[in-house]
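> The structure under discussion is supplied below as structure tokens; questions concerning it will follow.
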Amino acid sequence: MSKSSKKISAAPSWLGLTPNRLSFVFLPDRAETLRKIFQLAIGGLGSYAIASYLDEEKVPTFTGSLNWDHTTIDSMLRNRATYGEYQPKSFAAGHKRGIPSGPPVSSYYPAVIDKATFDAAQVARQQNLSRRGRKGNDLANIFGDLCSCAYCGSKVIFHRISNVQVLVCDQVLNQGACSRSAWSYSDFEITVLAFLAHPALLQLSRSELKGALLDLVAEIKGLSSDRERRYARRVDIAILLKRIVVGLAIHSAGNLSLTRHSSAQIRKDIAGRFLEIQLQGGQSYPCISIR
Ligand SMILES: [Zn+2]
């Protein structure tokens with residue numbers, strides 16, 4: 001495909017065409033929404049939960065319709081154009097949607113996410129589908145895209161290492177140079193929720209939200225056997241957290257004297273790890289792991 005060829009007009013819904021139709025351009029708000037959808041999926045939200053989350057947050061749809069539809073979310077999560085790939089198709093009689101014709105063309109579209117993010121979302125989707133099909137899933141990560149790395153500023157993402165769930169810097173997973181330490185997810189969640197439940201924080205500017213959060217946290221403790229309800233309440237917690245917290249900067253390797261070589265295995269739970277919680281309204285607090 002030569003650089004000068006005209007692009008097809010049917011661009012993915014998060015891209016537009018330049019007036020001369022020679023190249024694609026991001027529609028910035030949509031690209032941002034698409035990235036958020038992938039982060040939420042990797043965090044364990046299914047397409048229904050992502051749709052209701054986006055509705056709650058009043059994120060505009062790409063079609064002008066009032067509400068997000070879970071099938072749209074799911075097809076975006078499976079769309080390889082998100083990382084730039086284009087699959088030529090032939091439209092023989094009887095094939096309205098086209099059948100793949102020839103090898104896929106990489107870097108045809110500007111990539112909104114990288115291939116590793118796409119792959120991580122596929123794994124999360126499959127796990128989510130199979131578990132929800134069986135018994136109803138627990139929402140794995142209630143922090144969505146709130147976590148960032150205190151050392152390099154990259155996103156800290158939810159990651160499974162065999163059966164262990166951890167939060168780890170995106171740079172590390174993409175072979176970048178950052179602290180190869182992770183924070184086991186269950187410990188992180190307990191630490192942050194215990195911090196937010198502290199009586200000294202009751203003076204928050206958004207104390208009504210905090211009251212709602214504490215009620216939800218208390219409620220899910222009694223829901224271990226009711227998985228569907230537990231899942232729904234954890235989605236509610238994830239939505240509330242986004243209204244209370246601006247960001248969580250994670251110092252997963254503590255003071256960094258224990259920084260690991262870039263070829264090292266990801267090691268979790270280093271003593272001295274902590275995070276900085278930045279609340280809506282501007283206050284920021286250090287928060288030390290409770291274990
Ligand atoms: Zn980092």
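Identifiers in this document derive from the order of the structure tokens: chains are assigned A, B, ..., residues are numbered from 1 separately in each chain, and ligands are numbered from 1 in order of occurrence.
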Among region 44-232 of chain A, which residues carry a DSSP assignment of strand (DSSP E), reported as a list in words?

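Reading the DSSP output for region 44-232 of chain A, strand (DSSP E) covers Lys89, Ser90, Ile99, Pro100, Cys147, Ser148, Cys149, Val156, Ile157, Phe158, His159, Arg160, Ile161, Val164, Gln165, Val166, Leu167, Val168, Cys169, Ser181, Ala182, Trp183 and Ser184 of chain A.
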
> Region 82-286 of chain A: which residues are helix (DSSP H, G or I) by DSSP, as a count of residues only?

76

> Counting only C-alpha atoms, what are the residues of region 246-290 of chain A within 9 Å of region 146-153 of chain A, and for each of them which pair of atoms is the nearest and at what distance in Å, to one decimal? Sort the table by chain and rising number, as CSV.


```
residue,atom,partner,partner_atom,distance
A:Val246,CA,A:Leu146,CA,7.0
A:Gly247,CA,A:Leu146,CA,4.9
A:Leu248,CA,A:Cys147,CA,4.7
A:Ala249,CA,A:Ser148,CA,4.9
A:Ile250,CA,A:Cys149,CA,5.2
A:His251,CA,A:Ala150,CA,5.4
A:Ser252,CA,A:Cys149,CA,8.1
A:Leu256,CA,A:Tyr151,CA,8.8
A:Leu275,CA,A:Ala150,CA,8.1
A:Glu276,CA,A:Ala150,CA,8.5
```

> Got time to write the residues from that selection, all heavy atoms, as a PDB file, in the first residue's frame?


```pdb
ATOM      1  N   VAL A 246      -8.671  11.453  42.064  1.00  0.00           N
ATOM      2  CA  VAL A 246      -8.165  11.917  40.773  1.00  0.00           C
ATOM      3  C   VAL A 246      -7.122  10.943  40.237  1.00  0.00           C
ATOM      4  O   VAL A 246      -7.078  10.638  39.050  1.00  0.00           O
ATOM      5  CB  VAL A 246      -7.514  13.313  40.903  1.00  0.00           C
ATOM      6  CG1 VAL A 246      -6.935  13.758  39.562  1.00  0.00           C
ATOM      7  CG2 VAL A 246      -8.517  14.325  41.419  1.00  0.00           C
ATOM      8  N   GLY A 247      -6.251  10.473  41.150  1.00  0.00           N
ATOM      9  CA  GLY A 247      -5.202   9.581  40.697  1.00  0.00           C
ATOM     10  C   GLY A 247      -4.508   8.889  41.856  1.00  0.00           C
ATOM     11  O   GLY A 247      -4.584   9.352  43.012  1.00  0.00           O
ATOM     12  N   LEU A 248      -3.861   7.773  41.564  1.00  0.00           N
ATOM     13  CA  LEU A 248      -3.106   7.014  42.556  1.00  0.00           C
ATOM     14  C   LEU A 248      -1.703   6.816  41.979  1.00  0.00           C
ATOM     15  O   LEU A 248      -1.531   6.083  41.008  1.00  0.00           O
ATOM     16  CB  LEU A 248      -3.776   5.650  42.803  1.00  0.00           C
ATOM     17  CG  LEU A 248      -5.240   5.684  43.260  1.00  0.00           C
ATOM     18  CD1 LEU A 248      -5.881   4.305  43.113  1.00  0.00           C
ATOM     19  CD2 LEU A 248      -5.335   6.160  44.692  1.00  0.00           C
ATOM     20  N   ALA A 249      -0.724   7.514  42.545  1.00  0.00           N
ATOM     21  CA  ALA A 249       0.657   7.381  42.060  1.00  0.00           C
ATOM     22  C   ALA A 249       1.350   6.309  42.893  1.00  0.00           C
ATOM     23  O   ALA A 249       1.507   6.454  44.106  1.00  0.00           O
ATOM     24  CB  ALA A 249       1.383   8.709  42.159  1.00  0.00           C
ATOM     25  N   ILE A 250       1.752   5.243  42.244  1.00  0.00           N
ATOM     26  CA  ILE A 250       2.207   4.055  42.966  1.00  0.00           C
ATOM     27  C   ILE A 250       3.732   3.957  42.998  1.00  0.00           C
ATOM     28  O   ILE A 250       4.394   3.939  41.962  1.00  0.00           O
ATOM     29  CB  ILE A 250       1.615   2.789  42.326  1.00  0.00           C
ATOM     30  CG1 ILE A 250       0.082   2.895  42.308  1.00  0.00           C
ATOM     31  CG2 ILE A 250       2.068   1.552  43.089  1.00  0.00           C
ATOM     32  CD1 ILE A 250      -0.614   1.682  41.787  1.00  0.00           C
ATOM     33  N   HIS A 251       4.266   3.900  44.232  1.00  0.00           N
ATOM     34  CA  HIS A 251       5.703   3.678  44.443  1.00  0.00           C
ATOM     35  C   HIS A 251       5.880   2.196  44.794  1.00  0.00           C
ATOM     36  O   HIS A 251       6.150   1.852  45.932  1.00  0.00           O
ATOM     37  CB  HIS A 251       6.203   4.546  45.598  1.00  0.00           C
ATOM     38  CG  HIS A 251       6.097   6.022  45.370  1.00  0.00           C
ATOM     39  ND1 HIS A 251       7.192   6.835  45.177  1.00  0.00           N
ATOM     40  CD2 HIS A 251       5.015   6.845  45.295  1.00  0.00           C
ATOM     41  CE1 HIS A 251       6.794   8.096  45.021  1.00  0.00           C
ATOM     42  NE2 HIS A 251       5.484   8.131  45.094  1.00  0.00           N
ATOM     43  N   SER A 252       5.723   1.349  43.813  1.00  0.00           N
ATOM     44  CA  SER A 252       5.667  -0.088  44.109  1.00  0.00           C
ATOM     45  C   SER A 252       6.999  -0.644  44.586  1.00  0.00           C
ATOM     46  O   SER A 252       7.047  -1.708  45.188  1.00  0.00           O
ATOM     47  CB  SER A 252       5.194  -0.857  42.872  1.00  0.00           C
ATOM     48  OG  SER A 252       5.940  -0.460  41.747  1.00  0.00           O
ATOM     49  N   LEU A 256      13.167   2.878  45.911  1.00  0.00           N
ATOM     50  CA  LEU A 256      13.900   2.585  44.666  1.00  0.00           C
ATOM     51  C   LEU A 256      15.315   2.052  44.878  1.00  0.00           C
ATOM     52  O   LEU A 256      16.021   1.815  43.903  1.00  0.00           O
ATOM     53  CB  LEU A 256      13.958   3.800  43.730  1.00  0.00           C
ATOM     54  CG  LEU A 256      12.949   3.835  42.591  1.00  0.00           C
ATOM     55  CD1 LEU A 256      13.399   4.839  41.517  1.00  0.00           C
ATOM     56  CD2 LEU A 256      12.758   2.470  41.927  1.00  0.00           C
ATOM     57  N   LEU A 275       1.803   4.572  48.151  1.00  0.00           N
ATOM     58  CA  LEU A 275       1.210   5.294  47.036  1.00  0.00           C
ATOM     59  C   LEU A 275       0.809   6.688  47.504  1.00  0.00           C
ATOM     60  O   LEU A 275       0.768   6.952  48.709  1.00  0.00           O
ATOM     61  CB  LEU A 275      -0.009   4.562  46.471  1.00  0.00           C
ATOM     62  CG  LEU A 275      -1.254   4.489  47.348  1.00  0.00           C
ATOM     63  CD1 LEU A 275      -2.500   4.603  46.487  1.00  0.00           C
ATOM     64  CD2 LEU A 275      -1.285   3.183  48.138  1.00  0.00           C
ATOM     65  N   GLU A 276       0.575   7.562  46.563  1.00  0.00           N
ATOM     66  CA  GLU A 276       0.043   8.891  46.862  1.00  0.00           C
ATOM     67  C   GLU A 276      -1.358   8.953  46.288  1.00  0.00           C
ATOM     68  O   GLU A 276      -1.561   8.705  45.106  1.00  0.00           O
ATOM     69  CB  GLU A 276       0.901   9.968  46.216  1.00  0.00           C
ATOM     70  CG  GLU A 276       2.310  10.059  46.777  1.00  0.00           C
ATOM     71  CD  GLU A 276       3.207  10.870  45.837  1.00  0.00           C
ATOM     72  OE1 GLU A 276       2.840  12.003  45.505  1.00  0.00           O
ATOM     73  OE2 GLU A 276       4.250  10.333  45.436  1.00  0.00           O
TER      74      GLU A 276
END
```

> How many Å lie between CA of Arg267 (chain A) and CA of Thr117 (chain A), rounded to one decimal?

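Atom-to-atom, CA of Arg267 (chain A) and CA of Thr117 (chain A) are spaced 21.0 Å apart.
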
> Nearest residue to ligand 1 out of A:Ala92, A:Ile42, A:Leu167, A:Ser224, using only C-alpha atoms and all ligand atoms?

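Checking each of A:Ala92, A:Ile42, A:Leu167, A:Ser224 against ligand 1, counting only C-alpha atoms and all ligand atoms, the winner is A:Leu167.
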
> For Ser262 (chain A), please output as a list in words all residues within 12 Å (counting only C-alpha atoms; exclusion window: fewer than 6 positions along the same chain).

Gln171, Val172, Leu173, Asn174, Gln175, Gly176, Ala177, Cys178, Ser179, Arg180 and Ser181 of chain A

> Residues near Glu85 (chain A), anyone? I mean within 8 Å using only C-alpha atoms, not counting same-chain ones fewer than 6 positions away, as a ChimeraX atom specification.

/A:104-109

> For all heavy atoms, I'd like the residues from the last selection saved as a short mmCIF file (atom, residue, chain, number, x, y, z; two decimals), in the first residue's frame.


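That gives us again-v8.cif:
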```cif
data_model
loop_
_atom_site.label_atom_id
_atom_site.label_comp_id
_atom_site.auth_asym_id
_atom_site.auth_seq_id
_atom_site.Cartn_x
_atom_site.Cartn_y
_atom_site.Cartn_z
N PRO A 104 -3.26 -9.14 6.23
CA PRO A 104 -3.57 -7.85 6.86
C PRO A 104 -2.44 -6.85 6.65
O PRO A 104 -1.27 -7.23 6.51
CB PRO A 104 -3.72 -8.20 8.34
CG PRO A 104 -3.09 -9.52 8.53
CD PRO A 104 -3.08 -10.22 7.21
N VAL A 105 -2.78 -5.58 6.57
CA VAL A 105 -1.80 -4.51 6.38
C VAL A 105 -1.57 -3.83 7.73
O VAL A 105 -2.51 -3.29 8.32
CB VAL A 105 -2.33 -3.46 5.37
CG1 VAL A 105 -1.29 -2.37 5.15
CG2 VAL A 105 -2.73 -4.13 4.07
N SER A 106 -0.34 -3.88 8.24
CA SER A 106 -0.09 -3.24 9.54
C SER A 106 0.20 -1.76 9.35
O SER A 106 0.56 -1.31 8.25
CB SER A 106 1.06 -3.94 10.27
OG SER A 106 2.22 -3.86 9.51
N SER A 107 0.02 -0.98 10.39
CA SER A 107 0.26 0.46 10.39
C SER A 107 -0.53 1.19 9.30
O SER A 107 -0.08 2.19 8.76
CB SER A 107 1.75 0.79 10.23
OG SER A 107 2.49 0.14 11.22
N TYR A 108 -1.69 0.66 8.95
CA TYR A 108 -2.53 1.31 7.95
C TYR A 108 -3.27 2.49 8.60
O TYR A 108 -3.37 3.56 8.04
CB TYR A 108 -3.53 0.30 7.40
CG TYR A 108 -4.44 0.85 6.33
CD1 TYR A 108 -4.03 0.90 5.00
CD2 TYR A 108 -5.72 1.31 6.64
CE1 TYR A 108 -4.87 1.40 4.00
CE2 TYR A 108 -6.57 1.80 5.66
CZ TYR A 108 -6.14 1.85 4.35
OH TYR A 108 -6.97 2.34 3.38
N TYR A 109 -3.78 2.24 9.81
CA TYR A 109 -4.42 3.29 10.59
C TYR A 109 -3.44 3.76 11.67
O TYR A 109 -2.58 3.00 12.09
CB TYR A 109 -5.66 2.74 11.31
CG TYR A 109 -6.71 2.14 10.42
CD1 TYR A 109 -6.92 0.77 10.44
CD2 TYR A 109 -7.49 2.94 9.60
CE1 TYR A 109 -7.91 0.20 9.63
CE2 TYR A 109 -8.48 2.37 8.80
CZ TYR A 109 -8.68 0.99 8.82
OH TYR A 109 -9.64 0.43 8.03
#
```

> Which residue, A:Ala182, A:Leu34, A:Ile161, A:Leu77, has the smallest gap to ligand 1 when you use only C-alpha atoms and all ligand atoms?

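Going through A:Ala182, A:Leu34, A:Ile161, A:Leu77 one by one, the smallest distance to ligand 1 is for A:Ala182.
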